[in-house]
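Below is entry-v2.pdb, holding PDB, C-alpha atoms, pLDDT in the B column.
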```pdb
ATOM      1  CA  MET W   1     -25.397  -7.996   0.346  1.00 86.00           C
ATOM      2  CA  LEU W   2     -22.529  -5.511   0.357  1.00 93.00           C
ATOM      3  CA  GLN W   3     -22.652  -2.966   3.162  1.00 95.00           C
ATOM      4  CA  LEU W   4     -19.104  -1.784   3.767  1.00 97.00           C
ATOM      5  CA  ILE W   5     -16.455  -0.731   1.239  1.00 98.00           C
ATOM      6  CA  GLY W   6     -12.831  -0.325   2.228  1.00 98.00           C
ATOM      7  CA  PHE W   7     -10.293   1.819   0.402  1.00 98.00           C
ATOM      8  CA  ASP W   8      -6.527   1.534   0.506  1.00 97.00           C
ATOM      9  CA  GLY W   9      -4.506   4.753   0.736  1.00 96.00           C
ATOM     10  CA  ASP W  10      -1.091   4.633  -0.954  1.00 94.00           C
ATOM     11  CA  ASP W  11      -1.301   4.352  -4.759  1.00 93.00           C
ATOM     12  CA  THR W  12      -5.084   3.929  -4.547  1.00 96.00           C
ATOM     13  CA  LEU W  13      -6.133   7.338  -3.259  1.00 97.00           C
ATOM     14  CA  TRP W  14      -2.835   9.189  -3.641  1.00 96.00           C
ATOM     15  CA  HIS W  15       0.518   8.676  -5.381  1.00 93.00           C
ATOM     16  CA  SER W  16       3.201   7.055  -3.253  1.00 88.00           C
ATOM     17  CA  GLU W  17       5.417   4.408  -4.850  1.00 85.00           C
ATOM     18  CA  GLY W  18       6.952   6.851  -7.300  1.00 88.00           C
ATOM     19  CA  TYR W  19       8.607   8.689  -4.426  1.00 90.00           C
ATOM     20  CA  TYR W  20      10.068   5.451  -3.103  1.00 88.00           C
ATOM     21  CA  ARG W  21      11.299   4.583  -6.599  1.00 88.00           C
ATOM     22  CA  ALA W  22      13.010   7.964  -6.874  1.00 92.00           C
ATOM     23  CA  ALA W  23      14.697   7.367  -3.514  1.00 92.00           C
ATOM     24  CA  GLY W  24      15.773   3.939  -4.726  1.00 88.00           C
ATOM     25  CA  GLU W  25      17.345   5.458  -7.823  1.00 89.00           C
ATOM     26  CA  ALA W  26      19.195   7.998  -5.678  1.00 93.00           C
ATOM     27  CA  PHE W  27      20.344   5.133  -3.420  1.00 92.00           C
ATOM     28  CA  ALA W  28      21.703   3.304  -6.455  1.00 89.00           C
ATOM     29  CA  ALA W  29      23.542   6.428  -7.617  1.00 91.00           C
ATOM     30  CA  ILE W  30      25.244   6.719  -4.237  1.00 93.00           C
ATOM     31  CA  MET W  31      26.120   3.018  -4.137  1.00 92.00           C
ATOM     32  CA  GLY W  32      27.537   3.234  -7.646  1.00 91.00           C
ATOM     33  CA  ARG W  33      30.577   4.846  -6.059  1.00 91.00           C
ATOM     34  CA  TYR W  34      31.301   1.625  -4.213  1.00 92.00           C
ATOM     35  CA  VAL W  35      29.912  -1.353  -6.159  1.00 90.00           C
ATOM     36  CA  ASP W  36      29.007  -2.450  -9.671  1.00 86.00           C
ATOM     37  CA  LEU W  37      25.332  -1.632 -10.111  1.00 80.00           C
ATOM     38  CA  GLY W  38      25.140  -4.143 -12.949  1.00 77.00           C
ATOM     39  CA  ASP W  39      25.378  -6.893 -10.342  1.00 68.00           C
ATOM     40  CA  GLN W  40      21.803  -7.999  -9.605  1.00 63.00           C
ATOM     41  CA  HIS W  41      22.968  -8.940  -6.114  1.00 75.00           C
ATOM     42  CA  VAL W  42      22.914  -5.236  -5.195  1.00 74.00           C
ATOM     43  CA  HIS W  43      19.205  -4.894  -5.955  1.00 75.00           C
ATOM     44  CA  ASP W  44      18.336  -8.267  -4.469  1.00 81.00           C
ATOM     45  CA  SER W  45      20.184  -7.366  -1.262  1.00 83.00           C
ATOM     46  CA  MET W  46      18.156  -4.197  -0.777  1.00 81.00           C
ATOM     47  CA  LEU W  47      14.840  -6.008  -1.270  1.00 82.00           C
ATOM     48  CA  ALA W  48      15.897  -8.860   1.018  1.00 88.00           C
ATOM     49  CA  THR W  49      16.965  -6.416   3.730  1.00 91.00           C
ATOM     50  CA  GLU W  50      13.673  -4.519   3.519  1.00 85.00           C
ATOM     51  CA  GLN W  51      11.632  -7.721   3.696  1.00 86.00           C
ATOM     52  CA  ARG W  52      13.688  -9.043   6.609  1.00 91.00           C
ATOM     53  CA  ASN W  53      13.238  -5.779   8.501  1.00 90.00           C
ATOM     54  CA  LEU W  54       9.474  -5.482   8.037  1.00 85.00           C
ATOM     55  CA  LYS W  55       8.795  -7.210  11.365  1.00 84.00           C
ATOM     56  CA  LEU W  56      11.113  -4.759  13.115  1.00 86.00           C
ATOM     57  CA  PHE W  57      10.481  -1.449  11.349  1.00 88.00           C
ATOM     58  CA  GLY W  58       7.164  -2.013   9.623  1.00 82.00           C
ATOM     59  CA  TYR W  59       6.294  -0.398   6.293  1.00 83.00           C
ATOM     60  CA  GLY W  60       7.223   3.090   5.221  1.00 84.00           C
ATOM     61  CA  ALA W  61      10.013   5.562   4.612  1.00 89.00           C
ATOM     62  CA  LYS W  62      11.691   5.183   8.009  1.00 92.00           C
ATOM     63  CA  GLY W  63      12.108   1.455   7.558  1.00 91.00           C
ATOM     64  CA  MET W  64      13.306   2.016   3.998  1.00 90.00           C
ATOM     65  CA  ALA W  65      15.961   4.511   5.147  1.00 93.00           C
ATOM     66  CA  LEU W  66      17.258   2.179   7.848  1.00 94.00           C
ATOM     67  CA  SER W  67      17.321  -0.701   5.375  1.00 93.00           C
ATOM     68  CA  MET W  68      19.235   1.427   2.863  1.00 93.00           C
ATOM     69  CA  VAL W  69      21.868   2.220   5.492  1.00 95.00           C
ATOM     70  CA  GLU W  70      22.159  -1.439   6.496  1.00 95.00           C
ATOM     71  CA  THR W  71      22.386  -2.594   2.885  1.00 93.00           C
ATOM     72  CA  ALA W  72      24.920   0.095   1.993  1.00 94.00           C
ATOM     73  CA  ILE W  73      27.231  -0.901   4.832  1.00 95.00           C
ATOM     74  CA  ALA W  74      26.924  -4.601   3.946  1.00 93.00           C
ATOM     75  CA  ILE W  75      27.463  -4.438   0.185  1.00 90.00           C
ATOM     76  CA  SER W  76      30.255  -1.852   0.436  1.00 93.00           C
ATOM     77  CA  ASP W  77      32.021  -4.006   3.042  1.00 93.00           C
ATOM     78  CA  GLY W  78      31.888  -1.072   5.430  1.00 95.00           C
ATOM     79  CA  ARG W  79      33.585   1.335   3.033  1.00 96.00           C
ATOM     80  CA  ILE W  80      30.667   3.739   2.678  1.00 96.00           C
ATOM     81  CA  SER W  81      31.488   7.159   4.086  1.00 97.00           C
ATOM     82  CA  ALA W  82      29.661   8.902   6.904  1.00 97.00           C
ATOM     83  CA  ALA W  83      28.720  11.641   4.430  1.00 97.00           C
ATOM     84  CA  ASP W  84      27.022   9.119   2.136  1.00 97.00           C
ATOM     85  CA  ILE W  85      25.215   7.475   5.061  1.00 97.00           C
ATOM     86  CA  HIS W  86      23.911  10.935   5.908  1.00 97.00           C
ATOM     87  CA  ARG W  87      22.708  11.277   2.317  1.00 96.00           C
ATOM     88  CA  LEU W  88      20.769   8.026   2.700  1.00 96.00           C
ATOM     89  CA  VAL W  89      19.079   9.309   5.845  1.00 96.00           C
ATOM     90  CA  GLU W  90      18.141  12.488   3.965  1.00 96.00           C
ATOM     91  CA  LEU W  91      16.562  10.367   1.225  1.00 94.00           C
ATOM     92  CA  GLY W  92      14.251   8.877   3.845  1.00 93.00           C
ATOM     93  CA  LYS W  93      13.318  12.351   5.067  1.00 95.00           C
ATOM     94  CA  THR W  94      12.551  13.419   1.500  1.00 94.00           C
ATOM     95  CA  VAL W  95      10.038  10.588   1.125  1.00 92.00           C
ATOM     96  CA  LEU W  96       8.433  11.475   4.459  1.00 92.00           C
ATOM     97  CA  GLN W  97       7.947  15.041   3.273  1.00 93.00           C
ATOM     98  CA  HIS W  98       6.595  14.365  -0.219  1.00 90.00           C
ATOM     99  CA  PRO W  99       3.427  16.209  -1.243  1.00 92.00           C
ATOM    100  CA  VAL W 100       0.131  14.344  -1.284  1.00 95.00           C
ATOM    101  CA  GLU W 101      -1.226  14.195  -4.830  1.00 96.00           C
ATOM    102  CA  LEU W 102      -4.551  12.458  -5.379  1.00 97.00           C
ATOM    103  CA  LEU W 103      -5.103  10.089  -8.289  1.00 96.00           C
ATOM    104  CA  PRO W 104      -7.257  11.829 -10.922  1.00 96.00           C
ATOM    105  CA  GLY W 105     -10.950  11.273 -10.236  1.00 97.00           C
ATOM    106  CA  ILE W 106     -10.487   9.425  -6.955  1.00 98.00           C
ATOM    107  CA  ARG W 107     -12.410  11.888  -4.776  1.00 98.00           C
ATOM    108  CA  GLU W 108     -15.399  11.679  -7.101  1.00 98.00           C
ATOM    109  CA  ALA W 109     -15.182   7.889  -7.060  1.00 98.00           C
ATOM    110  CA  VAL W 110     -15.118   7.683  -3.259  1.00 98.00           C
ATOM    111  CA  GLU W 111     -17.981  10.182  -3.017  1.00 98.00           C
ATOM    112  CA  ALA W 112     -20.076   8.086  -5.408  1.00 98.00           C
ATOM    113  CA  VAL W 113     -19.461   4.899  -3.422  1.00 98.00           C
ATOM    114  CA  ALA W 114     -20.045   6.690  -0.098  1.00 97.00           C
ATOM    115  CA  ALA W 115     -23.457   7.837  -1.339  1.00 97.00           C
ATOM    116  CA  LYS W 116     -24.643   4.201  -1.252  1.00 96.00           C
ATOM    117  CA  TYR W 117     -22.394   2.420   1.254  1.00 97.00           C
ATOM    118  CA  GLU W 118     -20.447   3.013   4.414  1.00 97.00           C
ATOM    119  CA  VAL W 119     -16.795   3.491   3.493  1.00 98.00           C
ATOM    120  CA  VAL W 120     -13.637   3.041   5.535  1.00 98.00           C
ATOM    121  CA  LEU W 121     -10.012   3.843   4.825  1.00 98.00           C
ATOM    122  CA  ILE W 122      -7.611   1.021   5.684  1.00 97.00           C
ATOM    123  CA  THR W 123      -3.973   1.927   5.079  1.00 95.00           C
ATOM    124  CA  LYS W 124      -0.749   0.488   6.413  1.00 91.00           C
ATOM    125  CA  GLY W 125       2.552   2.129   7.231  1.00 87.00           C
ATOM    126  CA  ASP W 126       4.195   4.474   9.694  1.00 88.00           C
ATOM    127  CA  LEU W 127       1.522   6.076  11.897  1.00 91.00           C
ATOM    128  CA  PHE W 128       2.821   9.659  11.746  1.00 91.00           C
ATOM    129  CA  HIS W 129       3.444   9.554   7.999  1.00 92.00           C
ATOM    130  CA  GLN W 130       0.069   8.016   7.200  1.00 93.00           C
ATOM    131  CA  GLU W 131      -1.765  10.446   9.474  1.00 95.00           C
ATOM    132  CA  LYS W 132      -0.028  13.311   7.669  1.00 94.00           C
ATOM    133  CA  LYS W 133      -1.030  11.962   4.262  1.00 95.00           C
ATOM    134  CA  VAL W 134      -4.639  11.400   5.301  1.00 96.00           C
ATOM    135  CA  ALA W 135      -4.867  14.951   6.655  1.00 96.00           C
ATOM    136  CA  GLU W 136      -3.303  16.492   3.554  1.00 96.00           C
ATOM    137  CA  SER W 137      -5.400  14.411   1.166  1.00 97.00           C
ATOM    138  CA  GLY W 138      -8.594  16.270   2.017  1.00 96.00           C
ATOM    139  CA  LEU W 139     -10.505  12.977   1.929  1.00 97.00           C
ATOM    140  CA  ALA W 140     -10.861  12.229   5.630  1.00 96.00           C
ATOM    141  CA  ASP W 141     -14.397  13.601   5.772  1.00 95.00           C
ATOM    142  CA  LEU W 142     -15.624  10.917   3.358  1.00 97.00           C
ATOM    143  CA  PHE W 143     -14.807   7.936   5.584  1.00 97.00           C
ATOM    144  CA  ARG W 144     -16.786   6.485   8.456  1.00 95.00           C
ATOM    145  CA  ARG W 145     -13.571   5.142   9.951  1.00 95.00           C
ATOM    146  CA  ILE W 146      -9.860   5.554   9.251  1.00 97.00           C
ATOM    147  CA  GLU W 147      -7.689   2.578  10.149  1.00 96.00           C
ATOM    148  CA  ILE W 148      -3.888   2.909  10.045  1.00 95.00           C
ATOM    149  CA  VAL W 149      -2.488  -0.573  10.570  1.00 93.00           C
ATOM    150  CA  SER W 150       0.936  -2.195  10.726  1.00 88.00           C
ATOM    151  CA  GLU W 151      -0.087  -5.052   8.428  1.00 89.00           C
ATOM    152  CA  LYS W 152      -3.002  -5.954   6.202  1.00 92.00           C
ATOM    153  CA  ASN W 153      -3.826  -9.586   6.757  1.00 94.00           C
ATOM    154  CA  ALA W 154      -6.809 -11.744   7.597  1.00 95.00           C
ATOM    155  CA  ALA W 155      -6.618 -10.833  11.290  1.00 96.00           C
ATOM    156  CA  THR W 156      -6.725  -7.102  10.505  1.00 96.00           C
ATOM    157  CA  TYR W 157      -9.746  -7.413   8.248  1.00 96.00           C
ATOM    158  CA  ARG W 158     -11.540  -9.722  10.700  1.00 97.00           C
ATOM    159  CA  ARG W 159     -11.081  -7.114  13.428  1.00 96.00           C
ATOM    160  CA  VAL W 160     -12.460  -4.301  11.285  1.00 95.00           C
ATOM    161  CA  LEU W 161     -15.431  -6.387  10.200  1.00 96.00           C
ATOM    162  CA  GLY W 162     -16.068  -7.472  13.773  1.00 96.00           C
ATOM    163  CA  GLU W 163     -16.238  -3.864  14.911  1.00 94.00           C
ATOM    164  CA  PHE W 164     -18.907  -3.237  12.261  1.00 95.00           C
ATOM    165  CA  ALA W 165     -20.669  -6.528  13.129  1.00 96.00           C
ATOM    166  CA  LEU W 166     -20.417  -7.635   9.493  1.00 97.00           C
ATOM    167  CA  GLN W 167     -19.596 -10.869   7.714  1.00 96.00           C
ATOM    168  CA  PRO W 168     -16.802 -10.960   5.086  1.00 96.00           C
ATOM    169  CA  ALA W 169     -19.356 -11.427   2.290  1.00 95.00           C
ATOM    170  CA  GLN W 170     -20.747  -7.982   3.174  1.00 96.00           C
ATOM    171  CA  PHE W 171     -17.370  -6.294   2.589  1.00 97.00           C
ATOM    172  CA  ALA W 172     -15.368  -5.293  -0.487  1.00 98.00           C
ATOM    173  CA  MET W 173     -11.896  -3.780  -0.523  1.00 98.00           C
ATOM    174  CA  VAL W 174     -10.597  -1.374  -3.175  1.00 98.00           C
ATOM    175  CA  GLY W 175      -6.844  -1.215  -3.639  1.00 96.00           C
ATOM    176  CA  ASN W 176      -3.804  -1.453  -5.868  1.00 94.00           C
ATOM    177  CA  SER W 177      -2.119  -4.373  -4.077  1.00 92.00           C
ATOM    178  CA  LEU W 178      -3.446  -7.865  -4.660  1.00 92.00           C
ATOM    179  CA  ARG W 179      -1.237  -9.113  -1.830  1.00 88.00           C
ATOM    180  CA  SER W 180      -2.352  -6.673   0.878  1.00 90.00           C
ATOM    181  CA  ASP W 181      -5.648  -5.177  -0.214  1.00 94.00           C
ATOM    182  CA  ILE W 182      -7.426  -7.947  -2.062  1.00 94.00           C
ATOM    183  CA  GLU W 183      -6.194 -11.472  -1.312  1.00 94.00           C
ATOM    184  CA  PRO W 184      -6.759 -11.498   2.486  1.00 95.00           C
ATOM    185  CA  VAL W 185     -10.320 -10.216   2.004  1.00 97.00           C
ATOM    186  CA  VAL W 186     -11.114 -12.744  -0.710  1.00 95.00           C
ATOM    187  CA  ARG W 187      -9.706 -15.588   1.398  1.00 94.00           C
ATOM    188  CA  LEU W 188     -12.122 -14.586   4.159  1.00 97.00           C
ATOM    189  CA  GLY W 189     -15.062 -14.652   1.730  1.00 96.00           C
ATOM    190  CA  GLY W 190     -15.170 -10.977   0.818  1.00 96.00           C
ATOM    191  CA  TRP W 191     -14.758  -9.099  -2.447  1.00 97.00           C
ATOM    192  CA  GLY W 192     -12.163  -6.963  -4.151  1.00 97.00           C
ATOM    193  CA  VAL W 193     -11.818  -4.150  -6.677  1.00 97.00           C
ATOM    194  CA  HIS W 194      -8.269  -4.105  -7.981  1.00 96.00           C
ATOM    195  CA  LEU W 195      -7.004  -0.737  -9.230  1.00 95.00           C
ATOM    196  CA  PRO W 196      -3.484  -1.480 -10.557  1.00 91.00           C
ATOM    197  CA  TYR W 197      -0.898   1.253 -10.155  1.00 86.00           C
ATOM    198  CA  HIS W 198       1.724   1.741 -12.866  1.00 70.00           C
ATOM    199  CA  VAL W 199       4.570   0.827 -10.482  1.00 63.00           C
ATOM    200  CA  THR W 200       4.399  -1.591  -7.548  1.00 58.00           C
ATOM    201  CA  TRP W 201       6.980  -2.566  -4.940  1.00 47.00           C
ATOM    202  CA  ALA W 202       8.274  -6.079  -5.656  1.00 50.00           C
ATOM    203  CA  HIS W 203       7.157  -7.262  -2.204  1.00 46.00           C
ATOM    204  CA  GLU W 204       3.547  -6.390  -3.005  1.00 51.00           C
ATOM    205  CA  LEU W 205       3.572  -8.291  -6.305  1.00 58.00           C
ATOM    206  CA  GLU W 206       3.619 -11.667  -4.547  1.00 64.00           C
ATOM    207  CA  ASN W 207       0.141 -13.153  -4.175  1.00 61.00           C
ATOM    208  CA  GLY W 208      -1.723 -16.422  -4.533  1.00 67.00           C
ATOM    209  CA  LEU W 209      -4.866 -15.327  -6.353  1.00 80.00           C
ATOM    210  CA  ASP W 210      -5.892 -16.875  -9.651  1.00 76.00           C
ATOM    211  CA  ALA W 211      -6.000 -14.462 -12.585  1.00 78.00           C
ATOM    212  CA  ASP W 212      -9.698 -15.264 -13.080  1.00 82.00           C
ATOM    213  CA  GLU W 213     -10.736 -15.042  -9.418  1.00 89.00           C
ATOM    214  CA  PRO W 214     -14.518 -14.412  -9.631  1.00 90.00           C
ATOM    215  CA  ARG W 215     -14.661 -12.356  -6.439  1.00 94.00           C
ATOM    216  CA  VAL W 216     -12.276  -9.720  -7.831  1.00 94.00           C
ATOM    217  CA  LEU W 217     -12.894  -7.105 -10.513  1.00 96.00           C
ATOM    218  CA  THR W 218     -10.049  -5.105 -12.058  1.00 94.00           C
ATOM    219  CA  VAL W 219     -10.559  -1.504 -13.147  1.00 96.00           C
ATOM    220  CA  GLY W 220      -8.333   0.774 -15.165  1.00 94.00           C
ATOM    221  CA  ALA W 221      -9.140   4.096 -13.516  1.00 96.00           C
ATOM    222  CA  PRO W 222     -10.809   5.491 -10.366  1.00 97.00           C
ATOM    223  CA  ALA W 223     -13.875   6.529 -12.381  1.00 97.00           C
ATOM    224  CA  ALA W 224     -14.689   2.831 -12.905  1.00 98.00           C
ATOM    225  CA  ILE W 225     -14.729   1.985  -9.182  1.00 98.00           C
ATOM    226  CA  PRO W 226     -18.409   2.805  -8.443  1.00 98.00           C
ATOM    227  CA  ALA W 227     -19.644   0.606 -11.302  1.00 98.00           C
ATOM    228  CA  ALA W 228     -17.339  -2.212 -10.205  1.00 97.00           C
ATOM    229  CA  VAL W 229     -18.739  -2.037  -6.677  1.00 97.00           C
ATOM    230  CA  GLU W 230     -22.267  -2.271  -8.046  1.00 96.00           C
ATOM    231  CA  ARG W 231     -21.268  -5.267 -10.142  1.00 96.00           C
ATOM    232  CA  LEU W 232     -19.860  -6.957  -7.041  1.00 96.00           C
ATOM    233  CA  ARG W 233     -23.148  -6.288  -5.258  1.00 93.00           C
ATOM    234  CA  GLU W 234     -24.906  -8.175  -8.059  1.00 93.00           C
ATOM    235  CA  LEU W 235     -22.391 -11.015  -7.907  1.00 91.00           C
ATOM    236  CA  ALA W 236     -22.802 -11.237  -4.154  1.00 85.00           C
ATOM    237  CA  GLY W 237     -26.354 -12.377  -4.781  1.00 74.00           C
ATOM    238  CA  THR W 238     -25.270 -15.211  -7.067  1.00 77.00           C
ATOM    239  CA  LEU W 239     -21.960 -16.558  -5.783  1.00 70.00           C
ATOM    240  CA  PRO W 240     -21.647 -18.577  -2.579  1.00 62.00           C
TER     241      PRO W 240
END
```
For the file at hand, write its structure as structure tokens.
Amino acid sequence: MLQLIGFDGDDTLWHSEGYYRAAGEAFAAIMGRYVDLGDQHVHDSMLATEQRNLKLFGYGAKGMALSMVETAIAISDGRISAADIHRLVELGKTVLQHPVELLPGIREAVEAVAAKYEVVLITKGDLFHQEKKVAESGLADLFRRIEIVSEKNAATYRRVLGEFALQPAQFAMVGNSLRSDIEPVVRLGGWGVHLPYHVTWAHELENGLDADEPRVLTVGAPAAIPAAVERLRELAGTLP
């Protein structure tokens, strides 16, 4: 029986990836002064640098800015100017300062779920940035707990469930990322409501779930989340 419902933050409760995409486009415009942007190696290098640096910088705008600087120096063979490096740092600051805009209908959806279940917010990224977004979202009062974590994996979800003294089968996670929000929970024996966002970072697209995974329901809008949770509650009584 479901008892606890988790919600992701970025691109599930509020818009986020679009700001990173805009910064990426500005990064490309700056690098166009030094390299041929038609060379796929430029884009691959940025993604590879970000992925390599995740264990050092974690997720978020600060890590992105540092990775942009590192990539810019590497692919320009050190020719990038100090002024353009400063512009890259400013891009990171712009992302850190973006306004928090909720997805349409998400507050109503969380309120409806919270009326029947305990709900928690589990979001990953830079602590200061995520705390700022949670505060500005106006949603903090809806959650029993708010967890800001460096990574979303099986160990993270086990810890949260352990603190609530729950089994994975009693937990469902709502989020836009199959890789971070859904797959680790399903692998533990929990459930997932997938709310796809119109743009997703390439790193988050990688996952090992089957398209017809029975423990996951996909919804097209926040308004459909409460009904999906209720459907999972019904499935929880029939699936092992």
Name every residue that the PyMOL selection byres ((chain W and resi 187) around 12) selects in this structure, writing the answer as JSON, numbers by chain with chains first and numbers rising. {"W": [153, 154, 155, 157, 158, 168, 169, 172, 178, 179, 180, 181, 182, 183, 184, 185, 186, 188, 189, 190, 191, 192, 207, 208, 209, 210, 213, 215, 216]}
Mind checking which residues fall within 8 Å of W:Ala236, counting all atoms listed in the file, ignoring those fewer than 3 positions away in the same chain, and posting them as a VMD selection string? chain W and resid 1 to 2 169 232 to 233 239 to 240
Residue members of the PyMOL selection byres ((chain W and resi 16) around 12) in the file shown, as a PyMOL selection string: chain W and resi 8-15+17-23+60-61+95-103+125+129-130+133+176+197-201
Name all residues at most 10 Å from W:Gln51 (count all atoms listed in the file; drop same-chain ones fewer than 4 positions away) and give them as an MDAnalysis selection string. chainID W and resid 45:47 55:59 63:64 67 203
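Note that the spacing between atom CA of W:Ala140 and atom CA of W:Gly6 amounts to 13.2 Å.
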From the options W:Arg144, W:His41, W:Arg87, W:Lys132, which residue's atoms come nearest to W:Ile5, counting only C-alpha atoms?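 Ranked by minimum distance to W:Ile5, first place goes to W:Arg144.
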Quick check on the file I pasted: which residues fall under the PyMOL selection byres ((chain W and resi 117) around 7)? Write them as a list in words. Gln3, Leu4, Ile5, Val113, Ala114, Ala115, Lys116, Glu118 and Val119 of chain W
Atoms kept (C-alpha atoms) for selection, written as a PDB file, keeping the file's coordinate frame:
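The resulting file, again-v3.pdb, is reproduced below:
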```pdb
ATOM      1  CA  GLN W   3     -22.652  -2.966   3.162  1.00 95.00           C
ATOM      2  CA  LEU W   4     -19.104  -1.784   3.767  1.00 97.00           C
ATOM      3  CA  ILE W   5     -16.455  -0.731   1.239  1.00 98.00           C
ATOM      4  CA  VAL W 113     -19.461   4.899  -3.422  1.00 98.00           C
ATOM      5  CA  ALA W 114     -20.045   6.690  -0.098  1.00 97.00           C
ATOM      6  CA  ALA W 115     -23.457   7.837  -1.339  1.00 97.00           C
ATOM      7  CA  LYS W 116     -24.643   4.201  -1.252  1.00 96.00           C
ATOM      8  CA  GLU W 118     -20.447   3.013   4.414  1.00 97.00           C
ATOM      9  CA  VAL W 119     -16.795   3.491   3.493  1.00 98.00           C
TER      10      VAL W 119
END
```
Check the smallest atom-to-atom distance from each of W:Ala109, W:Ser76, W:Gly32, W:Glu25 to W:Val229 using all atoms listed in the file, then report the winner. W:Ala109
Just the residues within 9 Å of W:Glu70, please, counting all atoms listed in the file, with nothing from its chain fewer than 5 positions along; format it as number ranges by chain. W: 46, 49, 65, 75
What is the distance, in Å and to one decimal place, between atom CA of W:Leu88 and atom CA of W:Ile122?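 Answer for the atom CA of W:Leu88 to atom CA of W:Ile122 separation: 29.4 Å.
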Work out how far apart atom CA of W:Ser177 and atom CA of W:Leu217 are and give it in Å to one decimal. 12.8 Å
Nearest to W:Thr218: which of W:Gly38, W:Pro196, W:Gly78, W:Pro104 is it, counting all atoms listed in the file?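 Closest to W:Thr218, using all atoms listed in the file: W:Pro196.
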For stretch 190-198 of chain W, what centre and edge lengths in Å (one decimal) does the axis-aligned box get once 8 Å is added on each side of all its listed atoms, as AutoDock Vina command-line options?
```
--center_x -6.7 --center_y -4.6 --center_z -6.0 --size_x 32.9 --size_y 28.7 --size_z 29.7
```
